[in-house]
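Below is one structure, written out as structure tokens; the observations come after it.
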Amino acid sequence: MSLALLFAGQGAQKVGMGKSLYDGSAAARALYDQANQVLGWDLKRLSFEGPEADLTQTKVCQPALFVHGLAVVAALKERGKLPDVKFALGLSLGEVTALTAAGVFDFATGLKVVARRGELMQQACEKSVGGMAAIIGEERAKVYELCREFDIEAANFNAPGQIIVSGEKAKVDALVAAAKDKGLKRVMPLNVAGAYHSRLMEPARAEFAAFLEGVAFHRPAFTVFTNTTGQAVSEPADIRAALVKQVVSSVLWEDCMRSAVAAGATEFWECGPGGVLAGLARRTEKAWVVKSFNELSELPA
């Protein structure tokens with residue numbers, strides 16, 4: 001088996017996530033305890049108890065998902081059930097989790113990176129009126145055409161026929177309203193706080209770039225794929241540039257998955273809540289082997 005680890009993006013969070021890992025794995029517990037110290041606020045309580053409105057905040061859910069993903073990895077390692085990892089990839093904020101799993105940062109540094117990213121993106125949301133919508137069943141070329149027409153951007157290419165667009169809320173709403181006249185199969189507005197992966201995130205991108213200048217990056221111990229190109233990235237300067245660009249650019253998730261398979265990945269393990277990435281993988285290629293690990297009871301004994 002040639003194993004690739006998958007790490008979730010914002011939206012996969014749910015109240016209670018990680019509690020069984022904390023209770024049943026000393027390695028996972030150590031990460032959660034360290035996270036509270038590094039952040040200076042109670043990530044454990046918000047992850048385990050909520051309320052959901054607080055956990056859903058960008059500045060909270062991004063570090064919460066980061067810690068949960070790495071807690072799953074730590075618990076697997078502790079049990080001796082994590083085979084040799086060859087690849088890692090993460091959707092949006094999950095890319096920071098993947099890079100940390102690959103040793104580009106240590107846990108505390110990766111957590112500070114994702115926490116700052118979440119804070120800056122939340123601030124950008126609060127300074128703008130953004131929206132997002134899912135376009136189902138259309139080709140990329142058609143979506144690009146619609147983005148030009150409505151002056152919005154393609155935020156996520158998640159799987160064939162599942163593309164997310166992002167931009168000023170009024171412009172996204174205009175696309176949703178025009179969907180039927182445009183002959184589109186299905187367009188759904190998303191309940192989000194802002195226009196992620198669009199030019200409305202530019203203030204966050206600029207400040208994140210400045211923040212990352214003070215962060216040391218190392219070469220990954222195994223292959224990591226970047227959302228910005230869908231290709232492998234290994235040089236520290238290239239990783240830094242990709243993380244900055246990713247804040248305002250399209251997430252090429254389908255491309256990342258296909259690149260991992262082309263590079264030799266034979267099995268994917270999703271480390272995080274919800275099984276969202278497993279679902280996208282099945283939508284992309286039913287033959288791919290994908291397992292999801294969320295809580296202690298799901299880990300191999």
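For the structure tokens, the naming scheme is as follows: chains receive sequential letters (A, B, ...) according to their order of presentation, residues are indexed from 1 within each chain, and ligands are indexed from 1 in presentation order.
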>> Residues within 9 Å of Leu70 (chain A), please, as a ChimeraX atom specification. Count only C-alpha atoms; anything in the same chain fewer than 4 positions from it doesn't count.
In response: /A:7,28,31,65-66,74-75,97-98,100-101,107,271-272
>> Which residues are close to Val114 (chain A), i.e. within 7 Å by only C-alpha atoms, leaving aside same-chain residues fewer than 5 positions away? Reply as a PyMOL selection string.
In response: chain A and resi 62-63+93+96
Can I get the selection written as a short mmCIF file (atom, residue, chain, number, x, y, z; two decimals), in the first residue's frame, with C-alpha atoms?
data_model
loop_
_atom_site.label_atom_id
_atom_site.label_comp_id
_atom_site.auth_asym_id
_atom_site.auth_seq_id
_atom_site.Cartn_x
_atom_site.Cartn_y
_atom_site.Cartn_z
CA GLN A 62 -9.73 26.29 11.47
CA PRO A 63 -7.46 25.50 14.46
CA LEU A 93 -6.95 24.97 5.79
CA VAL A 96 -1.58 23.45 6.71
#
Determine, using only C-alpha atoms, which residues of region 57-174 of chain A have any atom at most 9 Å from an atom of region 237-249 of chain A, and tabulate each with its shortest atom pair and distance in Å to one decimal place, rows ordered by chain and then rising number, as a Markdown table.
| residue | atom | partner | partner_atom | distance |
| --- | --- | --- | --- | --- |
| A:Ser92 | CA | A:Gln246 | CA | 7.4 |
| A:Glu95 | CA | A:Leu243 | CA | 8.1 |
| A:Val96 | CA | A:Leu243 | CA | 8.0 |
| A:Leu99 | CA | A:Ile239 | CA | 8.8 |
| A:Val104 | CA | A:Ile239 | CA | 9.0 |
| A:Arg117 | CA | A:Val247 | CA | 8.6 |
| A:Met121 | CA | A:Val247 | CA | 8.2 |
| A:Glu153 | CA | A:Ser249 | CA | 8.6 |
| A:Ala154 | CA | A:Ser249 | CA | 8.2 |
| A:Ala155 | CA | A:Ser249 | CA | 6.7 |
| A:Asn156 | CA | A:Ser249 | CA | 8.8 |
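Among the candidate residues A:Lys19, A:Lys142, A:His197, A:Lys77, the one lying nearest to Glu49 (chain A) is A:Lys19, with distances computed using only C-alpha atoms.
Closest approach to Pro160 (chain A) from the set A:Cys256, A:Ala108, A:Ala281, A:Ala179 is made by A:Ala281, with distances taken over only C-alpha atoms.
Going from CA of Arg282 (chain A) to CA of Lys14 (chain A) covers 22.0 Å.
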>> Here is a test: counting only C-alpha atoms, which residue of A:Gly279, A:Pro220, A:Gly80, A:Gly69 is nearest to Lys291 (chain A)?
In response: A:Gly279
Contacts of Leu6 (chain A) within 7 Å, only C-alpha atoms, excl. fewer than 5 positions in-chain, as a compact mmCIF listing (two decimals) with N, CA and C atoms, in the first residue's frame:
# COMPACT_ATOMS: atom_id res chain seq x y z
N ALA A 88 0.53 13.44 1.49
CA ALA A 88 -0.50 14.10 2.30
C ALA A 88 -1.07 15.26 1.50
N LEU A 89 -2.37 15.49 1.68
CA LEU A 89 -3.01 16.62 1.03
C LEU A 89 -4.19 17.06 1.87
N GLY A 90 -4.47 18.35 1.85
CA GLY A 90 -5.57 18.88 2.64
C GLY A 90 -6.32 19.94 1.88
N PHE A 268 -6.26 6.12 0.38
CA PHE A 268 -6.39 7.40 1.08
C PHE A 268 -7.00 7.17 2.45
N TRP A 269 -6.43 7.83 3.48
CA TRP A 269 -7.02 7.80 4.81
C TRP A 269 -7.40 9.23 5.18
N GLU A 270 -8.70 9.47 5.32
CA GLU A 270 -9.19 10.79 5.71
C GLU A 270 -9.13 10.89 7.23
N CYS A 271 -8.35 11.85 7.72
CA CYS A 271 -8.18 12.06 9.16
C CYS A 271 -8.95 13.32 9.56
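Every protein or nucleic acid residue with an atom no more than 10 Å from Cys125 (chain A), counting only C-alpha atoms and leaving out same-chain residues fewer than 6 positions away, appears here: Thr58, Glu119, Gly131, Val192, Ala193, Gly194, Ala195, Tyr196, Leu200, Met201, Pro203 and Ala204 of chain A.
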For the residues in the current selection, export N, CA and C atoms as an mmCIF file, in the first residue's frame.
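Dumped to selection.cif:
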data_model
loop_
_atom_site.group_PDB
_atom_site.id
_atom_site.type_symbol
_atom_site.label_atom_id
_atom_site.label_comp_id
_atom_site.auth_asym_id
_atom_site.auth_seq_id
_atom_site.Cartn_x
_atom_site.Cartn_y
_atom_site.Cartn_z
ATOM 1 N N THR A 58 -14.831 31.134 11.881
ATOM 2 C CA THR A 58 -13.625 30.823 11.107
ATOM 3 C C THR A 58 -12.385 30.743 11.990
ATOM 4 N N GLU A 119 -7.970 33.857 11.924
ATOM 5 C CA GLU A 119 -8.274 35.206 12.416
ATOM 6 C C GLU A 119 -8.356 36.204 11.271
ATOM 7 N N GLY A 131 -20.441 36.000 -0.417
ATOM 8 C CA GLY A 131 -21.268 34.802 -0.464
ATOM 9 C C GLY A 131 -20.621 33.733 -1.328
ATOM 10 N N VAL A 192 -22.434 30.515 4.471
ATOM 11 C CA VAL A 192 -21.050 30.787 4.867
ATOM 12 C C VAL A 192 -20.929 32.228 5.352
ATOM 13 N N ALA A 193 -19.821 32.510 6.057
ATOM 14 C CA ALA A 193 -19.622 33.844 6.641
ATOM 15 C C ALA A 193 -19.047 34.838 5.644
ATOM 16 N N GLY A 194 -18.512 34.342 4.532
ATOM 17 C CA GLY A 194 -17.882 35.263 3.592
ATOM 18 C C GLY A 194 -17.490 34.579 2.301
ATOM 19 N N ALA A 195 -16.748 35.322 1.490
ATOM 20 C CA ALA A 195 -16.364 34.838 0.163
ATOM 21 C C ALA A 195 -14.931 34.295 0.208
ATOM 22 N N TYR A 196 -14.805 33.064 0.685
ATOM 23 C CA TYR A 196 -13.476 32.449 0.790
ATOM 24 C C TYR A 196 -12.911 32.174 -0.603
ATOM 25 N N LEU A 200 -12.067 39.008 -2.312
ATOM 26 C CA LEU A 200 -12.498 39.644 -1.072
ATOM 27 C C LEU A 200 -11.622 39.240 0.116
ATOM 28 N N MET A 201 -10.822 38.204 -0.050
ATOM 29 C CA MET A 201 -9.888 37.763 0.989
ATOM 30 C C MET A 201 -8.516 38.443 0.855
ATOM 31 N N PRO A 203 -7.263 41.334 1.849
ATOM 32 C CA PRO A 203 -6.650 41.852 3.084
ATOM 33 C C PRO A 203 -6.026 40.739 3.936
ATOM 34 N N ALA A 204 -6.687 39.595 3.988
ATOM 35 C CA ALA A 204 -6.150 38.454 4.745
ATOM 36 C C ALA A 204 -4.875 37.930 4.084
#
> Residues at most 10 Å from Leu184 (chain A), counting only C-alpha atoms, excluding those fewer than 5 positions away in the same chain, as a ChimeraX atom specification?
Replying inline: /A:135-138,142-143,176,178-179
Would you write out those residues with C-alpha atoms, as a PDB file, in the first residue's frame?
ATOM      1  CA  ILE A 135     -22.742  24.656  -8.942  1.00  0.00           C
ATOM      2  CA  ILE A 136     -23.614  21.015  -9.534  1.00  0.00           C
ATOM      3  CA  GLY A 137     -23.298  19.094 -12.786  1.00  0.00           C
ATOM      4  CA  GLU A 138     -21.446  21.651 -14.929  1.00  0.00           C
ATOM      5  CA  LYS A 142     -18.977  26.717 -18.239  1.00  0.00           C
ATOM      6  CA  VAL A 143     -18.286  27.796 -14.646  1.00  0.00           C
ATOM      7  CA  VAL A 176     -28.349  31.859  -8.220  1.00  0.00           C
ATOM      8  CA  ALA A 178     -30.376  33.437 -13.065  1.00  0.00           C
ATOM      9  CA  ALA A 179     -29.537  29.725 -12.821  1.00  0.00           C
TER      10      ALA A 179
END
>> Please return, as a count of residues only, all residues of region 21-249 of chain A that DSSP assigns to strand (DSSP E) on the basis of the backbone.
In response: 36
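You will find CA of Leu212 (chain A) at 23.7 Å from CA of Ser128 (chain A).
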>> Could you list, as a VMD selection string, every residue within 9 Å of Leu39 (chain A), counting only C-alpha atoms and ignoring same-chain residues fewer than 5 positions away?
In response: chain A and resid 34 111 to 112 115
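Note that the spacing between CA of Arg205 (chain A) and CA of Cys61 (chain A) amounts to 18.6 Å.
Residue nearest Val72 (chain A), chosen from A:Ala265, A:Ala12, A:Ala102, A:Leu296 and counting only C-alpha atoms: A:Leu296.
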>> With DSSP run on the backbone, what are the alpha helix (DSSP H) residues within region 68-264 of chain A? I'd like them as a PyMOL selection string.
In response: chain A and resi 68-78+94-101+107-126+140-150+169-178+202-212+236-246+253-262
Keeping only C-alpha atoms, write the selected residues to a file as a PDB file, in the first residue's frame.
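Below is the file that was written, result.pdb:
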ATOM      1  CA  HIS A  68      -8.411  17.102  15.327  1.00  0.00           C
ATOM      2  CA  GLY A  69      -6.734  15.889  12.129  1.00  0.00           C
ATOM      3  CA  LEU A  70      -3.345  15.599  13.780  1.00  0.00           C
ATOM      4  CA  ALA A  71      -4.886  13.998  16.881  1.00  0.00           C
ATOM      5  CA  VAL A  72      -6.245  11.219  14.646  1.00  0.00           C
ATOM      6  CA  VAL A  73      -2.756  10.726  13.181  1.00  0.00           C
ATOM      7  CA  ALA A  74      -1.202  10.715  16.666  1.00  0.00           C
ATOM      8  CA  ALA A  75      -3.687   8.111  17.924  1.00  0.00           C
ATOM      9  CA  LEU A  76      -3.045   5.889  14.879  1.00  0.00           C
ATOM     10  CA  LYS A  77       0.716   6.119  15.450  1.00  0.00           C
ATOM     11  CA  GLU A  78       0.300   5.404  19.154  1.00  0.00           C
ATOM     12  CA  GLY A  94      -6.271  21.210   5.636  1.00  0.00           C
ATOM     13  CA  GLU A  95      -3.207  22.002   3.560  1.00  0.00           C
ATOM     14  CA  VAL A  96      -1.581  23.445   6.711  1.00  0.00           C
ATOM     15  CA  THR A  97      -2.496  20.233   8.550  1.00  0.00           C
ATOM     16  CA  ALA A  98      -0.927  18.153   5.759  1.00  0.00           C
ATOM     17  CA  LEU A  99       2.247  20.252   5.822  1.00  0.00           C
ATOM     18  CA  THR A 100       2.506  19.867   9.599  1.00  0.00           C
ATOM     19  CA  ALA A 101       2.002  16.102   9.329  1.00  0.00           C
ATOM     20  CA  PHE A 107       2.786  21.144  15.847  1.00  0.00           C
ATOM     21  CA  ALA A 108       2.937  24.427  17.771  1.00  0.00           C
ATOM     22  CA  THR A 109       4.137  26.388  14.743  1.00  0.00           C
ATOM     23  CA  GLY A 110       1.540  24.847  12.438  1.00  0.00           C
ATOM     24  CA  LEU A 111      -1.155  25.677  14.983  1.00  0.00           C
ATOM     25  CA  LYS A 112      -0.020  29.307  15.171  1.00  0.00           C
ATOM     26  CA  VAL A 113      -0.046  29.476  11.354  1.00  0.00           C
ATOM     27  CA  VAL A 114      -3.580  28.107  11.031  1.00  0.00           C
ATOM     28  CA  ALA A 115      -4.868  30.206  13.950  1.00  0.00           C
ATOM     29  CA  ARG A 116      -3.517  33.395  12.365  1.00  0.00           C
ATOM     30  CA  ARG A 117      -4.954  32.375   9.005  1.00  0.00           C
ATOM     31  CA  GLY A 118      -8.372  31.855  10.596  1.00  0.00           C
ATOM     32  CA  GLU A 119      -8.274  35.206  12.416  1.00  0.00           C
ATOM     33  CA  LEU A 120      -7.318  37.115   9.268  1.00  0.00           C
ATOM     34  CA  MET A 121      -9.923  35.392   7.123  1.00  0.00           C
ATOM     35  CA  GLN A 122     -12.620  36.108   9.707  1.00  0.00           C
ATOM     36  CA  GLN A 123     -11.604  39.779   9.770  1.00  0.00           C
ATOM     37  CA  ALA A 124     -11.791  39.893   5.957  1.00  0.00           C
ATOM     38  CA  CYS A 125     -15.287  38.345   6.117  1.00  0.00           C
ATOM     39  CA  GLU A 126     -16.402  40.986   8.605  1.00  0.00           C
ATOM     40  CA  ARG A 140     -15.204  23.839 -15.597  1.00  0.00           C
ATOM     41  CA  ALA A 141     -15.314  25.852 -18.815  1.00  0.00           C
ATOM     42  CA  LYS A 142     -18.977  26.717 -18.239  1.00  0.00           C
ATOM     43  CA  VAL A 143     -18.286  27.796 -14.646  1.00  0.00           C
ATOM     44  CA  TYR A 144     -15.387  30.019 -15.714  1.00  0.00           C
ATOM     45  CA  GLU A 145     -17.713  31.611 -18.260  1.00  0.00           C
ATOM     46  CA  LEU A 146     -20.332  32.274 -15.569  1.00  0.00           C
ATOM     47  CA  CYS A 147     -17.690  33.724 -13.236  1.00  0.00           C
ATOM     48  CA  ARG A 148     -16.654  36.209 -15.919  1.00  0.00           C
ATOM     49  CA  GLU A 149     -20.269  37.139 -16.626  1.00  0.00           C
ATOM     50  CA  PHE A 150     -21.223  37.705 -12.972  1.00  0.00           C
ATOM     51  CA  LYS A 169     -22.983  38.341  -2.071  1.00  0.00           C
ATOM     52  CA  ALA A 170     -25.162  40.389  -4.435  1.00  0.00           C
ATOM     53  CA  LYS A 171     -23.281  39.004  -7.443  1.00  0.00           C
ATOM     54  CA  VAL A 172     -23.465  35.413  -6.201  1.00  0.00           C
ATOM     55  CA  ASP A 173     -27.177  35.891  -5.503  1.00  0.00           C
ATOM     56  CA  ALA A 174     -27.615  37.201  -9.048  1.00  0.00           C
ATOM     57  CA  LEU A 175     -26.091  34.004 -10.423  1.00  0.00           C
ATOM     58  CA  VAL A 176     -28.349  31.859  -8.220  1.00  0.00           C
ATOM     59  CA  ALA A 177     -31.398  33.813  -9.414  1.00  0.00           C
ATOM     60  CA  ALA A 178     -30.376  33.437 -13.065  1.00  0.00           C
ATOM     61  CA  GLU A 202      -7.075  40.035  -0.278  1.00  0.00           C
ATOM     62  CA  PRO A 203      -6.650  41.852   3.084  1.00  0.00           C
ATOM     63  CA  ALA A 204      -6.150  38.454   4.745  1.00  0.00           C
ATOM     64  CA  ARG A 205      -3.693  37.352   2.042  1.00  0.00           C
ATOM     65  CA  ALA A 206      -1.511  40.434   2.478  1.00  0.00           C
ATOM     66  CA  GLU A 207      -1.337  40.174   6.266  1.00  0.00           C
ATOM     67  CA  PHE A 208      -0.840  36.396   6.154  1.00  0.00           C
ATOM     68  CA  ALA A 209       2.110  36.892   3.796  1.00  0.00           C
ATOM     69  CA  ALA A 210       3.701  39.279   6.288  1.00  0.00           C
ATOM     70  CA  PHE A 211       3.060  36.849   9.160  1.00  0.00           C
ATOM     71  CA  LEU A 212       4.596  33.885   7.311  1.00  0.00           C
ATOM     72  CA  PRO A 236      10.226  25.892   1.542  1.00  0.00           C
ATOM     73  CA  ALA A 237       9.956  29.143  -0.442  1.00  0.00           C
ATOM     74  CA  ASP A 238       7.445  27.541  -2.824  1.00  0.00           C
ATOM     75  CA  ILE A 239       5.379  26.179   0.078  1.00  0.00           C
ATOM     76  CA  ARG A 240       5.248  29.609   1.703  1.00  0.00           C
ATOM     77  CA  ALA A 241       4.199  31.257  -1.573  1.00  0.00           C
ATOM     78  CA  ALA A 242       1.517  28.621  -2.168  1.00  0.00           C
ATOM     79  CA  LEU A 243       0.009  29.073   1.307  1.00  0.00           C
ATOM     80  CA  VAL A 244      -0.205  32.828   0.765  1.00  0.00           C
ATOM     81  CA  LYS A 245      -1.708  32.532  -2.719  1.00  0.00           C
ATOM     82  CA  GLN A 246      -4.193  29.880  -1.597  1.00  0.00           C
ATOM     83  CA  TRP A 253      -8.908  19.649  -4.893  1.00  0.00           C
ATOM     84  CA  GLU A 254      -9.837  17.256  -7.684  1.00  0.00           C
ATOM     85  CA  ASP A 255      -6.448  17.978  -9.283  1.00  0.00           C
ATOM     86  CA  CYS A 256      -4.634  17.275  -5.995  1.00  0.00           C
ATOM     87  CA  MET A 257      -6.360  13.894  -5.677  1.00  0.00           C
ATOM     88  CA  ARG A 258      -5.622  12.926  -9.266  1.00  0.00           C
ATOM     89  CA  SER A 259      -1.994  14.008  -8.874  1.00  0.00           C
ATOM     90  CA  ALA A 260      -1.617  11.835  -5.772  1.00  0.00           C
ATOM     91  CA  VAL A 261      -2.934   8.810  -7.667  1.00  0.00           C
ATOM     92  CA  ALA A 262      -0.678   9.588 -10.643  1.00  0.00           C
TER      93      ALA A 262
END
